[in-house]
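Notes follow once the structure below has been shown.
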Amino acid sequence: MEGAPAIRHRTVEANGISMHVAEAGGEDAPAVLFLHGFPELWYSWRHQMEHLAARGFRCVAPDLRGYGGTTAPPDIESYTAFHIVGDVLSLLDALGLTKVFVVGHDWGALIAWYLCLFRPERVTALVNTSVAFMRAVMIRAGAGAVKTTDYFNQAYGPTYYICRFQKPGVAEEEFCPANARYMMRQILCNRFTVGAAGKPGSEESPLPAWLTEADLDYFAAAFEKTGFTCAINYYRNMDRNWELAAPWADAKVQVPTKFIVGDGDLTYHYAGIQDYLHKGGFKADVPLLEDVVVIPGAGHFIQQEKAEEVSDIIYNFLAKFTPQPN
């Protein structure tokens with residue numbers, strides 16, 4: 001887009017790793033930290049970064065641990081939520097940012113929920129997308145607690161992608177570097193919608209209007225270089241996260257929050273999730289929740305599929321916490 005704020009790139013040393021960080025906007029402006037999901041990169045936030053930077057915000061979007069240009073430790077145990085939250089906090093410290101707005105999607109949303117539980121004083125306000133705060137899945141809580149992978153196995157069976165991802169090497173037969181472009185096309189085109197999850201389209205399927213061949217090239221080039229193993233390792237730590245987060249079993253997310261989800265997103269069709277989101281359960285866990293925005297016609301990659309609408313929602317919410325010029 002002509003006249004759009006330039007995206008700057010640099011590498012920042014944080015929490016013992018090197019993080020590739022994309023930035024836009026003035027360095028003295030209120031900062032927004034964007035956390036991407038699976039299997040994505042900072043690039044998933046390109047539209048929101050442009051939109052918010054043009055409206056007076058500093059946008060910071062790292063490739064998370066194991067993704068893109070950021071260090072990828074080899075061992076599975078290096079990808080717990082505690083490692084990722086540690087990376088995020090260390091990055092903020094390195095950038096001199098005491099408190100920020102946070103915007104998360106998918107795994108980035110999960111990390112944002114954990115961040116707000118663990119260190120709420122570092123977050124001014126939160127916009128999370130696609131993945132709601134789900135205490136039973138995220139945190140061991142109560143005598144009848146069911147391990148995260150057992151929950152998904154019981155609910156959706158052993159072929160559900162989260163279950164298939166657990167055994168090292170199995171998912172990698174399909175998610176291999178040589179197959180990166182094909183896999184990214186499948187995943188982005190089927191959008192993790194409730195009817196399409198696990199039923200990818202063909203290589204010849206036309207790209208949706210919101211995704212260009214150049215966009216696909218960017219994602220594919222990154223995963224051709226890194227592979228998908230480290231990204232999948234996040235899923236292999238879900239049970240470990242659940243156990244380690246037990247000290248926060250009854251904690252609430254005490255950060256002003258807005259939640260956005262597509263009505264076609266698989267995550268909006270988990271058993272009981274709509275009652276939880278709309279009938280008080282979510283508000284009980286996230287007392288400062290402003291509202292839940294359900295976007296018609298959107299699947300899982302909502303910030304790309306409905307870029308302008310999502311950008312406007314984020315801006316209008318964050319602007320409430322930002323001093324306005326007289």
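In the structure tokens, chains take letters A, B, ... by order of appearance, with residues numbered from 1 within each chain and ligands from 1 in the order shown.
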Would you list the contacts of region 315-325 of chain A as a PDB file with all heavy atoms, in the first residue's frame, taking every protein, DNA or RNA residue within 8 Å and counting only C-alpha atoms, but skipping same-chain residues closer than 2 positions in sequence?
ATOM      1  N   PRO A  30       2.909   4.472  21.954  1.00  0.00           N
ATOM      2  CA  PRO A  30       2.430   3.332  22.748  1.00  0.00           C
ATOM      3  C   PRO A  30       2.672   2.030  21.992  1.00  0.00           C
ATOM      4  O   PRO A  30       2.377   1.939  20.799  1.00  0.00           O
ATOM      5  CB  PRO A  30       0.938   3.616  22.912  1.00  0.00           C
ATOM      6  CG  PRO A  30       0.796   5.078  22.685  1.00  0.00           C
ATOM      7  CD  PRO A  30       1.851   5.461  21.703  1.00  0.00           C
ATOM      8  N   LEU A  52      -2.175   0.053  12.596  1.00  0.00           N
ATOM      9  CA  LEU A  52      -1.944   0.689  13.892  1.00  0.00           C
ATOM     10  C   LEU A  52      -0.762   1.654  13.861  1.00  0.00           C
ATOM     11  O   LEU A  52      -0.804   2.705  14.518  1.00  0.00           O
ATOM     12  CB  LEU A  52      -1.752  -0.361  14.985  1.00  0.00           C
ATOM     13  CG  LEU A  52      -3.048  -0.766  15.713  1.00  0.00           C
ATOM     14  CD1 LEU A  52      -3.995  -1.518  14.796  1.00  0.00           C
ATOM     15  CD2 LEU A  52      -2.742  -1.597  16.958  1.00  0.00           C
ATOM     16  N   PHE A 101       0.462  -3.061  25.134  1.00  0.00           N
ATOM     17  CA  PHE A 101      -0.736  -3.730  24.658  1.00  0.00           C
ATOM     18  C   PHE A 101      -0.305  -5.059  24.048  1.00  0.00           C
ATOM     19  O   PHE A 101       0.787  -5.152  23.467  1.00  0.00           O
ATOM     20  CB  PHE A 101      -1.452  -2.894  23.598  1.00  0.00           C
ATOM     21  CG  PHE A 101      -1.960  -1.571  24.092  1.00  0.00           C
ATOM     22  CD1 PHE A 101      -1.341  -0.386  23.718  1.00  0.00           C
ATOM     23  CD2 PHE A 101      -3.066  -1.516  24.934  1.00  0.00           C
ATOM     24  CE1 PHE A 101      -1.814   0.839  24.174  1.00  0.00           C
ATOM     25  CE2 PHE A 101      -3.547  -0.294  25.396  1.00  0.00           C
ATOM     26  CZ  PHE A 101      -2.911   0.881  25.022  1.00  0.00           C
ATOM     27  N   THR A 124      -1.095  -3.604  29.409  1.00  0.00           N
ATOM     28  CA  THR A 124      -2.097  -2.536  29.554  1.00  0.00           C
ATOM     29  C   THR A 124      -3.483  -3.042  29.203  1.00  0.00           C
ATOM     30  O   THR A 124      -4.460  -2.794  29.913  1.00  0.00           O
ATOM     31  CB  THR A 124      -1.737  -1.340  28.653  1.00  0.00           C
ATOM     32  OG1 THR A 124      -0.423  -0.881  28.991  1.00  0.00           O
ATOM     33  CG2 THR A 124      -2.734  -0.213  28.821  1.00  0.00           C
ATOM     34  N   ALA A 125      -3.590  -3.739  28.083  1.00  0.00           N
ATOM     35  CA  ALA A 125      -4.853  -4.312  27.636  1.00  0.00           C
ATOM     36  C   ALA A 125      -4.538  -5.395  26.619  1.00  0.00           C
ATOM     37  O   ALA A 125      -3.461  -5.409  26.011  1.00  0.00           O
ATOM     38  CB  ALA A 125      -5.768  -3.254  27.029  1.00  0.00           C
ATOM     39  N   LYS A 258     -10.523  -7.766  25.041  1.00  0.00           N
ATOM     40  CA  LYS A 258     -11.522  -7.979  23.998  1.00  0.00           C
ATOM     41  C   LYS A 258     -11.157  -9.272  23.289  1.00  0.00           C
ATOM     42  O   LYS A 258      -9.978  -9.561  23.056  1.00  0.00           O
ATOM     43  CB  LYS A 258     -11.558  -6.816  23.006  1.00  0.00           C
ATOM     44  CG  LYS A 258     -12.679  -6.955  21.951  1.00  0.00           C
ATOM     45  CD  LYS A 258     -12.700  -5.776  20.992  1.00  0.00           C
ATOM     46  CE  LYS A 258     -13.318  -4.556  21.619  1.00  0.00           C
ATOM     47  NZ  LYS A 258     -14.812  -4.622  21.686  1.00  0.00           N
ATOM     48  N   SER A 311      -8.504  -5.113  12.261  1.00  0.00           N
ATOM     49  CA  SER A 311      -7.644  -3.966  12.569  1.00  0.00           C
ATOM     50  C   SER A 311      -8.438  -2.842  13.217  1.00  0.00           C
ATOM     51  O   SER A 311      -7.980  -2.217  14.189  1.00  0.00           O
ATOM     52  CB  SER A 311      -6.963  -3.460  11.302  1.00  0.00           C
ATOM     53  OG  SER A 311      -6.079  -4.431  10.768  1.00  0.00           O
ATOM     54  N   ASP A 312      -9.620  -2.572  12.696  1.00  0.00           N
ATOM     55  CA  ASP A 312     -10.464  -1.523  13.267  1.00  0.00           C
ATOM     56  C   ASP A 312     -10.889  -1.862  14.693  1.00  0.00           C
ATOM     57  O   ASP A 312     -10.889  -0.992  15.575  1.00  0.00           O
ATOM     58  CB  ASP A 312     -11.710  -1.314  12.398  1.00  0.00           C
ATOM     59  CG  ASP A 312     -11.427  -0.504  11.141  1.00  0.00           C
ATOM     60  OD1 ASP A 312     -10.424   0.235  11.120  1.00  0.00           O
ATOM     61  OD2 ASP A 312     -12.214  -0.617  10.177  1.00  0.00           O
ATOM     62  N   ILE A 313     -11.252  -3.112  14.931  1.00  0.00           N
ATOM     63  CA  ILE A 313     -11.670  -3.530  16.273  1.00  0.00           C
ATOM     64  C   ILE A 313     -10.510  -3.354  17.256  1.00  0.00           C
ATOM     65  O   ILE A 313     -10.687  -2.830  18.371  1.00  0.00           O
ATOM     66  CB  ILE A 313     -12.159  -4.989  16.265  1.00  0.00           C
ATOM     67  CG1 ILE A 313     -13.462  -5.122  15.455  1.00  0.00           C
ATOM     68  CG2 ILE A 313     -12.375  -5.500  17.698  1.00  0.00           C
ATOM     69  CD1 ILE A 313     -13.863  -6.555  15.170  1.00  0.00           C
TER      70      ILE A 313
END
Once DSSP has gone over the backbone, tell me which residues of region 175-245 of chain A are in alpha helix (DSSP H), as an MDAnalysis selection string.
chainID A and resid 180:190 213:226 229:233 238:244
Could those residues be written to a file, using C-alpha atoms, as a PDB file, in the first residue's frame?
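Written file, part-v2.pdb:
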ATOM      1  CA  ALA A 180       6.214 -26.668   3.213  1.00  0.00           C
ATOM      2  CA  ARG A 181       4.516 -24.798   0.373  1.00  0.00           C
ATOM      3  CA  TYR A 182       1.908 -27.526  -0.087  1.00  0.00           C
ATOM      4  CA  MET A 183       1.171 -27.701   3.640  1.00  0.00           C
ATOM      5  CA  MET A 184       0.912 -23.934   4.030  1.00  0.00           C
ATOM      6  CA  ARG A 185      -1.468 -23.763   1.086  1.00  0.00           C
ATOM      7  CA  GLN A 186      -3.622 -26.520   2.564  1.00  0.00           C
ATOM      8  CA  ILE A 187      -3.751 -25.014   6.038  1.00  0.00           C
ATOM      9  CA  LEU A 188      -4.373 -21.412   5.002  1.00  0.00           C
ATOM     10  CA  CYS A 189      -6.990 -22.377   2.410  1.00  0.00           C
ATOM     11  CA  ASN A 190      -9.028 -24.630   4.701  1.00  0.00           C
ATOM     12  CA  GLU A 213       0.926 -16.053  -4.055  1.00  0.00           C
ATOM     13  CA  ALA A 214       3.518 -13.640  -2.615  1.00  0.00           C
ATOM     14  CA  ASP A 215       2.066 -14.166   0.887  1.00  0.00           C
ATOM     15  CA  LEU A 216       2.219 -17.926   0.400  1.00  0.00           C
ATOM     16  CA  ASP A 217       5.794 -17.603  -0.867  1.00  0.00           C
ATOM     17  CA  TYR A 218       6.808 -15.772   2.330  1.00  0.00           C
ATOM     18  CA  PHE A 219       5.405 -18.450   4.640  1.00  0.00           C
ATOM     19  CA  ALA A 220       6.689 -21.315   2.485  1.00  0.00           C
ATOM     20  CA  ALA A 221      10.229 -19.956   2.252  1.00  0.00           C
ATOM     21  CA  ALA A 222      10.468 -19.711   6.035  1.00  0.00           C
ATOM     22  CA  PHE A 223       9.237 -23.249   6.707  1.00  0.00           C
ATOM     23  CA  GLU A 224      11.309 -24.710   3.876  1.00  0.00           C
ATOM     24  CA  LYS A 225      14.278 -23.400   5.818  1.00  0.00           C
ATOM     25  CA  THR A 226      13.226 -24.265   9.388  1.00  0.00           C
ATOM     26  CA  THR A 229       9.197 -29.598  14.185  1.00  0.00           C
ATOM     27  CA  CYS A 230       9.834 -26.730  16.583  1.00  0.00           C
ATOM     28  CA  ALA A 231       6.400 -25.260  15.885  1.00  0.00           C
ATOM     29  CA  ILE A 232       4.810 -28.662  16.569  1.00  0.00           C
ATOM     30  CA  ASN A 233       6.818 -28.910  19.796  1.00  0.00           C
ATOM     31  CA  MET A 238       0.526 -28.886  26.326  1.00  0.00           C
ATOM     32  CA  ASP A 239       0.412 -31.468  29.122  1.00  0.00           C
ATOM     33  CA  ARG A 240       3.580 -30.029  30.645  1.00  0.00           C
ATOM     34  CA  ASN A 241       2.101 -26.506  30.549  1.00  0.00           C
ATOM     35  CA  TRP A 242      -1.077 -27.820  32.183  1.00  0.00           C
ATOM     36  CA  GLU A 243       0.911 -29.298  35.065  1.00  0.00           C
ATOM     37  CA  LEU A 244       3.331 -26.397  35.516  1.00  0.00           C
TER      38      LEU A 244
END
Residues near region 59-76 of chain A, cut-off 8 Å, only C-alpha atoms, skip fewer than 3 positions along chain, as a PyMOL selection string
chain A and resi 17-25+31-36+40-42+45+49+52-53+79+84+87+222-223+226+230-231+233+236-237
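These are the residues of region 32-84 of chain A assigned strand (DSSP E) by DSSP from backbone coordinates: Val32, Leu33, Phe34, Leu35, Arg58, Cys59, Val60, Ala61 and Pro62 of chain A.
We find CA of His269 (chain A) and CA of Asp285 (chain A) to be spaced 19.4 Å apart.
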CA of Met134 (chain A) to CA of Gly262 (chain A): how many Å, to one decimal?
17.1 Å
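Proximity of A:Val294, A:Val85, A:Ala14, A:Ala132 to Tyr276 (chain A), computed with only C-alpha atoms, is greatest for A:Ala132.
For the residues A:Leu97, A:Ala54, A:Ile314, A:Ala245, ranking by smallest atom-to-atom distance to Ala81 (chain A) using only C-alpha atoms places A:Ala245 first.
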One decimal, in Å: what's the spacing between CA of Glu173 (chain A) and CA of Phe38 (chain A)?
17.4 Å
Give the answer as one residue: which of A:Leu277, A:Val261, A:Ala112, A:Val255 has the shortest atom-to-atom distance to Gly297 (chain A), using only C-alpha atoms?
A:Val261
